[in-house]
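As structure tokens, the structure follows; a few thoughts come after it.
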Amino acid sequence: MFNFIKNIFGVKNIDFKQLFIAGAQIIDVRTPAEFSNGHIKQSANIPLQQLQSEMKKLDLKKPIITCCASGMRSASAKAILQQNGFEAYNGGGWSSLQNKLNK
């Protein structure tokens, strides 16, 4: 189903809201201090440096939308997740992603 959504919208034009409604996990890869200063309510905080060791807590059957402050760390997280068999998308900065989810 998630690949169906990806095929409809294309990777560049992914509809993050629809992906989230369909069950995607949101992983915020910022530090705990950054996360505590504001985050998407339904997101989980797994700092980029801990992602490799915390991956076992993620559901391989659900896509993942990564986010951070600007989109750079989330791009790295997306690549790491994809290399480990996850369907992952870079949501960019968390506040921008939150706006997309609330539209």
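Ordering of the structure tokens sets the chain letters (A, B, ...); residue numbers start at 1 within each chain; ligands are numbered from 1 in the order shown.
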
Counting only C-alpha atoms, which residues of stretch 22-66 of chain A fall within 12 Å of stretch 92-102 of chain A, and what is the closest atom pair for each with its distance in Å at one decimal, ordered by chain and rising number, as a Markdown table?
```
| residue | atom | partner | partner_atom | distance |
| --- | --- | --- | --- | --- |
| A:Ala24 | CA | A:Leu101 | CA | 11.7 |
| A:Ile26 | CA | A:Trp94 | CA | 9.7 |
| A:Ile27 | CA | A:Trp94 | CA | 9.7 |
| A:Asp28 | CA | A:Trp94 | CA | 7.4 |
| A:Val29 | CA | A:Trp94 | CA | 9.7 |
| A:Arg30 | CA | A:Trp94 | CA | 9.4 |
| A:Glu34 | CA | A:Trp94 | CA | 10.7 |
| A:Phe35 | CA | A:Trp94 | CA | 9.6 |
| A:Asn37 | CA | A:Ser95 | CA | 11.6 |
| A:Gly38 | CA | A:Ser95 | CA | 8.5 |
| A:His39 | CA | A:Trp94 | CA | 6.6 |
| A:Ile40 | CA | A:Gln98 | CA | 6.1 |
| A:Lys41 | CA | A:Gln98 | CA | 9.0 |
| A:Gln42 | CA | A:Gln98 | CA | 10.1 |
| A:Ser43 | CA | A:Trp94 | CA | 9.5 |
| A:Ala44 | CA | A:Trp94 | CA | 11.7 |
| A:Asn45 | CA | A:Trp94 | CA | 11.4 |
| A:Ile65 | CA | A:Gly92 | CA | 8.9 |
| A:Thr66 | CA | A:Gly92 | CA | 7.1 |
```

Keeping only C-alpha atoms, take the residues you just selected and write them out as a compact mmCIF listing (two decimals), in the first residue's frame.
```
# COMPACT_ATOMS: atom_id res chain seq x y z
CA ALA A 24 3.98 5.90 8.68
CA ILE A 26 7.82 9.74 12.32
CA ILE A 27 11.37 9.62 13.67
CA ASP A 28 12.95 12.88 14.84
CA VAL A 29 16.72 12.46 14.75
CA ARG A 30 17.65 15.60 16.68
CA GLU A 34 16.41 19.91 20.67
CA PHE A 35 13.44 17.54 20.77
CA ASN A 37 12.19 22.37 22.82
CA GLY A 38 9.50 21.37 20.32
CA HIS A 39 8.53 18.38 18.19
CA ILE A 40 5.72 16.71 16.30
CA LYS A 41 3.42 15.19 18.91
CA GLN A 42 3.34 11.69 17.36
CA SER A 43 7.08 11.52 16.65
CA ALA A 44 9.67 9.37 18.36
CA ASN A 45 13.05 10.84 19.24
CA ILE A 65 9.37 9.74 7.79
CA THR A 66 12.54 11.24 9.24
```

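Backbone DSSP over chain A yields strand (DSSP E or B) at Gln25, Ile26, Ile27, Asp28, Ala44, Asn45, Ile64, Ile65, Thr66, Cys67, Cys68, Ala88, Tyr89, Asn90, Gly91, Gly92 and Gly93 of chain A.
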
Give me a file of those residues, with N, CA and C atoms, as an mmCIF file, in the first residue's frame.
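New file out.cif:
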```cif
data_model
loop_
_atom_site.group_PDB
_atom_site.id
_atom_site.type_symbol
_atom_site.label_atom_id
_atom_site.label_comp_id
_atom_site.auth_asym_id
_atom_site.auth_seq_id
_atom_site.Cartn_x
_atom_site.Cartn_y
_atom_site.Cartn_z
ATOM 1 N N GLN A 25 5.600 5.935 10.462
ATOM 2 C CA GLN A 25 6.217 6.334 11.724
ATOM 3 C C GLN A 25 6.999 7.623 11.474
ATOM 4 N N ILE A 26 7.014 8.525 12.432
ATOM 5 C CA ILE A 26 7.822 9.738 12.322
ATOM 6 C C ILE A 26 8.956 9.631 13.328
ATOM 7 N N ILE A 27 10.183 9.715 12.821
ATOM 8 C CA ILE A 27 11.366 9.625 13.669
ATOM 9 C C ILE A 27 12.119 10.957 13.592
ATOM 10 N N ASP A 28 12.224 11.615 14.723
ATOM 11 C CA ASP A 28 12.947 12.885 14.843
ATOM 12 C C ASP A 28 14.365 12.543 15.298
ATOM 13 N N ALA A 44 8.764 9.999 17.405
ATOM 14 C CA ALA A 44 9.670 9.370 18.364
ATOM 15 C C ALA A 44 11.037 10.020 18.192
ATOM 16 N N ASN A 45 11.731 10.231 19.291
ATOM 17 C CA ASN A 45 13.053 10.842 19.239
ATOM 18 C C ASN A 45 14.124 9.762 19.300
ATOM 19 N N ILE A 64 8.818 5.027 7.241
ATOM 20 C CA ILE A 64 9.315 5.976 8.226
ATOM 21 C C ILE A 64 9.543 7.320 7.550
ATOM 22 N N ILE A 65 9.091 8.371 8.210
ATOM 23 C CA ILE A 65 9.372 9.735 7.794
ATOM 24 C C ILE A 65 10.366 10.286 8.808
ATOM 25 N N THR A 66 11.536 10.684 8.333
ATOM 26 C CA THR A 66 12.539 11.239 9.236
ATOM 27 C C THR A 66 12.450 12.757 9.232
ATOM 28 N N CYS A 67 12.803 13.373 10.355
ATOM 29 C CA CYS A 67 12.856 14.827 10.426
ATOM 30 C C CYS A 67 13.934 15.246 11.407
ATOM 31 N N CYS A 68 14.343 16.489 11.307
ATOM 32 C CA CYS A 68 15.359 17.050 12.203
ATOM 33 C C CYS A 68 15.131 18.559 12.247
ATOM 34 N N ALA A 88 11.860 4.519 3.759
ATOM 35 C CA ALA A 88 12.067 5.757 4.512
ATOM 36 C C ALA A 88 12.033 6.974 3.602
ATOM 37 N N TYR A 89 11.557 8.073 4.160
ATOM 38 C CA TYR A 89 11.430 9.336 3.448
ATOM 39 C C TYR A 89 11.985 10.453 4.309
ATOM 40 N N ASN A 90 12.638 11.419 3.683
ATOM 41 C CA ASN A 90 13.153 12.577 4.402
ATOM 42 C C ASN A 90 12.064 13.638 4.459
ATOM 43 N N GLY A 91 11.542 13.864 5.664
ATOM 44 C CA GLY A 91 10.518 14.882 5.858
ATOM 45 C C GLY A 91 11.084 16.277 6.037
ATOM 46 N N GLY A 92 12.417 16.393 6.152
ATOM 47 C CA GLY A 92 13.046 17.703 6.303
ATOM 48 C C GLY A 92 12.975 18.213 7.728
ATOM 49 N N GLY A 93 12.877 19.512 7.856
ATOM 50 C CA GLY A 93 12.778 20.131 9.168
ATOM 51 C C GLY A 93 11.464 19.787 9.846
#
```

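Taking atom CA of A:Ser76 and atom CA of A:Leu48 as the two end points, the separation is 8.0 Å.
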
#### Entry: All alpha helix (DSSP H) positions in stretch 1-98 of chain A, as a VMD selection string
chain A and resid 2 to 9 16 to 21 32 to 36 51 to 54 72 to 83 94 to 98

Keeping only N, CA, C and O atoms, write those residues as a short mmCIF file (atom, residue, chain, number, x, y, z; two decimals), in the first residue's frame.
```
data_model
loop_
_atom_site.label_atom_id
_atom_site.label_comp_id
_atom_site.auth_asym_id
_atom_site.auth_seq_id
_atom_site.Cartn_x
_atom_site.Cartn_y
_atom_site.Cartn_z
N PHE A 2 1.94 1.25 0.79
CA PHE A 2 2.78 2.43 0.88
C PHE A 2 3.55 2.66 -0.42
O PHE A 2 3.74 3.80 -0.82
N ASN A 3 3.96 1.58 -1.07
CA ASN A 3 4.60 1.73 -2.37
C ASN A 3 3.61 2.28 -3.39
O ASN A 3 3.98 3.04 -4.27
N PHE A 4 2.34 1.92 -3.24
CA PHE A 4 1.29 2.45 -4.09
C PHE A 4 1.21 3.96 -3.93
O PHE A 4 1.16 4.70 -4.91
N ILE A 5 1.23 4.44 -2.69
CA ILE A 5 1.21 5.88 -2.43
C ILE A 5 2.43 6.53 -3.04
O ILE A 5 2.34 7.58 -3.68
N LYS A 6 3.60 5.90 -2.86
CA LYS A 6 4.85 6.43 -3.41
C LYS A 6 4.75 6.53 -4.93
O LYS A 6 5.17 7.52 -5.51
N ASN A 7 4.17 5.52 -5.57
CA ASN A 7 4.05 5.54 -7.02
C ASN A 7 3.08 6.60 -7.51
O ASN A 7 3.30 7.20 -8.55
N ILE A 8 2.04 6.84 -6.75
CA ILE A 8 1.07 7.87 -7.14
C ILE A 8 1.69 9.26 -7.07
O ILE A 8 1.58 10.06 -7.98
N PHE A 9 2.34 9.56 -5.96
CA PHE A 9 2.84 10.90 -5.73
C PHE A 9 4.28 11.10 -6.18
O PHE A 9 4.72 12.22 -6.34
N PHE A 16 3.17 13.71 2.56
CA PHE A 16 3.51 13.23 3.90
C PHE A 16 2.27 13.03 4.77
O PHE A 16 2.24 12.11 5.59
N LYS A 17 1.28 13.87 4.60
CA LYS A 17 0.06 13.72 5.41
C LYS A 17 -0.62 12.39 5.10
O LYS A 17 -1.00 11.66 6.02
N GLN A 18 -0.76 12.06 3.83
CA GLN A 18 -1.39 10.79 3.46
C GLN A 18 -0.55 9.61 3.91
O GLN A 18 -1.07 8.60 4.35
N LEU A 19 0.76 9.74 3.79
CA LEU A 19 1.66 8.68 4.23
C LEU A 19 1.52 8.46 5.74
O LEU A 19 1.46 7.32 6.21
N PHE A 20 1.42 9.55 6.49
CA PHE A 20 1.26 9.46 7.94
C PHE A 20 -0.10 8.87 8.30
O PHE A 20 -0.20 7.99 9.15
N ILE A 21 -1.13 9.31 7.64
CA ILE A 21 -2.48 8.78 7.88
C ILE A 21 -2.51 7.28 7.60
O ILE A 21 -3.18 6.51 8.30
N PRO A 32 18.07 14.97 22.22
CA PRO A 32 16.96 15.07 23.17
C PRO A 32 16.69 16.52 23.60
O PRO A 32 15.53 16.90 23.78
N ALA A 33 17.73 17.33 23.74
CA ALA A 33 17.53 18.74 24.11
C ALA A 33 16.76 19.49 23.03
O ALA A 33 15.83 20.26 23.33
N GLU A 34 17.13 19.27 21.78
CA GLU A 34 16.41 19.91 20.67
C GLU A 34 14.95 19.43 20.65
O GLU A 34 14.03 20.23 20.48
N PHE A 35 14.76 18.14 20.80
CA PHE A 35 13.44 17.54 20.77
C PHE A 35 12.55 18.12 21.88
O PHE A 35 11.37 18.41 21.65
N SER A 36 13.12 18.31 23.06
CA SER A 36 12.33 18.82 24.19
C SER A 36 11.90 20.27 24.00
O SER A 36 10.95 20.72 24.63
N LEU A 51 20.73 5.92 15.96
CA LEU A 51 19.78 5.28 15.06
C LEU A 51 20.14 3.83 14.76
O LEU A 51 19.29 2.95 14.80
N GLN A 52 21.39 3.58 14.47
CA GLN A 52 21.82 2.21 14.13
C GLN A 52 21.48 1.23 15.25
O GLN A 52 20.97 0.15 15.00
N SER A 53 21.74 1.61 16.49
CA SER A 53 21.51 0.70 17.61
C SER A 53 20.04 0.64 18.03
O SER A 53 19.62 -0.33 18.65
N GLU A 54 19.26 1.65 17.68
CA GLU A 54 17.84 1.69 18.08
C GLU A 54 16.90 1.19 16.99
O GLU A 54 15.69 1.09 17.21
N MET A 72 19.09 18.03 7.05
CA MET A 72 20.37 17.39 6.75
C MET A 72 20.54 16.08 7.50
O MET A 72 20.88 15.05 6.91
N ARG A 73 20.31 16.08 8.81
CA ARG A 73 20.43 14.84 9.58
C ARG A 73 19.36 13.85 9.17
O ARG A 73 19.59 12.64 9.12
N SER A 74 18.16 14.36 8.87
CA SER A 74 17.08 13.45 8.47
C SER A 74 17.39 12.80 7.12
O SER A 74 16.99 11.66 6.88
N ALA A 75 18.12 13.48 6.25
CA ALA A 75 18.54 12.87 4.99
C ALA A 75 19.51 11.72 5.26
O ALA A 75 19.42 10.65 4.64
N SER A 76 20.43 11.93 6.19
CA SER A 76 21.36 10.85 6.57
C SER A 76 20.60 9.69 7.18
O SER A 76 20.88 8.53 6.88
N ALA A 77 19.64 9.99 8.05
CA ALA A 77 18.84 8.94 8.69
C ALA A 77 18.05 8.15 7.65
O ALA A 77 17.98 6.91 7.73
N LYS A 78 17.48 8.83 6.69
CA LYS A 78 16.74 8.16 5.61
C LYS A 78 17.65 7.17 4.90
O LYS A 78 17.27 6.01 4.67
N ALA A 79 18.85 7.59 4.56
CA ALA A 79 19.79 6.72 3.85
C ALA A 79 20.15 5.50 4.70
O ALA A 79 20.19 4.37 4.19
N ILE A 80 20.42 5.71 5.97
CA ILE A 80 20.75 4.60 6.88
C ILE A 80 19.61 3.61 6.95
O ILE A 80 19.80 2.39 6.87
N LEU A 81 18.40 4.12 7.10
CA LEU A 81 17.23 3.25 7.20
C LEU A 81 17.01 2.47 5.91
O LEU A 81 16.74 1.27 5.95
N GLN A 82 17.13 3.13 4.78
CA GLN A 82 16.94 2.44 3.50
C GLN A 82 17.99 1.35 3.30
O GLN A 82 17.67 0.28 2.79
N GLN A 83 19.21 1.60 3.73
CA GLN A 83 20.27 0.60 3.61
C GLN A 83 19.99 -0.63 4.47
O GLN A 83 20.53 -1.69 4.24
N TRP A 94 11.51 19.57 11.15
CA TRP A 94 10.32 19.10 11.86
C TRP A 94 9.17 20.10 11.81
O TRP A 94 8.01 19.71 11.68
N SER A 95 9.45 21.39 11.91
CA SER A 95 8.35 22.37 11.91
C SER A 95 7.69 22.45 10.53
O SER A 95 6.46 22.59 10.43
N SER A 96 8.49 22.33 9.48
CA SER A 96 7.94 22.30 8.13
C SER A 96 7.08 21.05 7.92
O SER A 96 6.00 21.10 7.35
N LEU A 97 7.59 19.92 8.41
CA LEU A 97 6.84 18.67 8.30
C LEU A 97 5.54 18.76 9.08
O LEU A 97 4.49 18.33 8.62
N GLN A 98 5.59 19.35 10.26
CA GLN A 98 4.38 19.51 11.06
C GLN A 98 3.33 20.32 10.30
O GLN A 98 2.15 19.97 10.31
#
```

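Taking atom CA of A:Lys103 and atom CA of A:Ala22 as endpoints, the distance between them is 15.5 Å.
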
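The gap separating atom CA of A:Gly23 from atom CA of A:Ser70 is 23.7 Å, in Å to one decimal.
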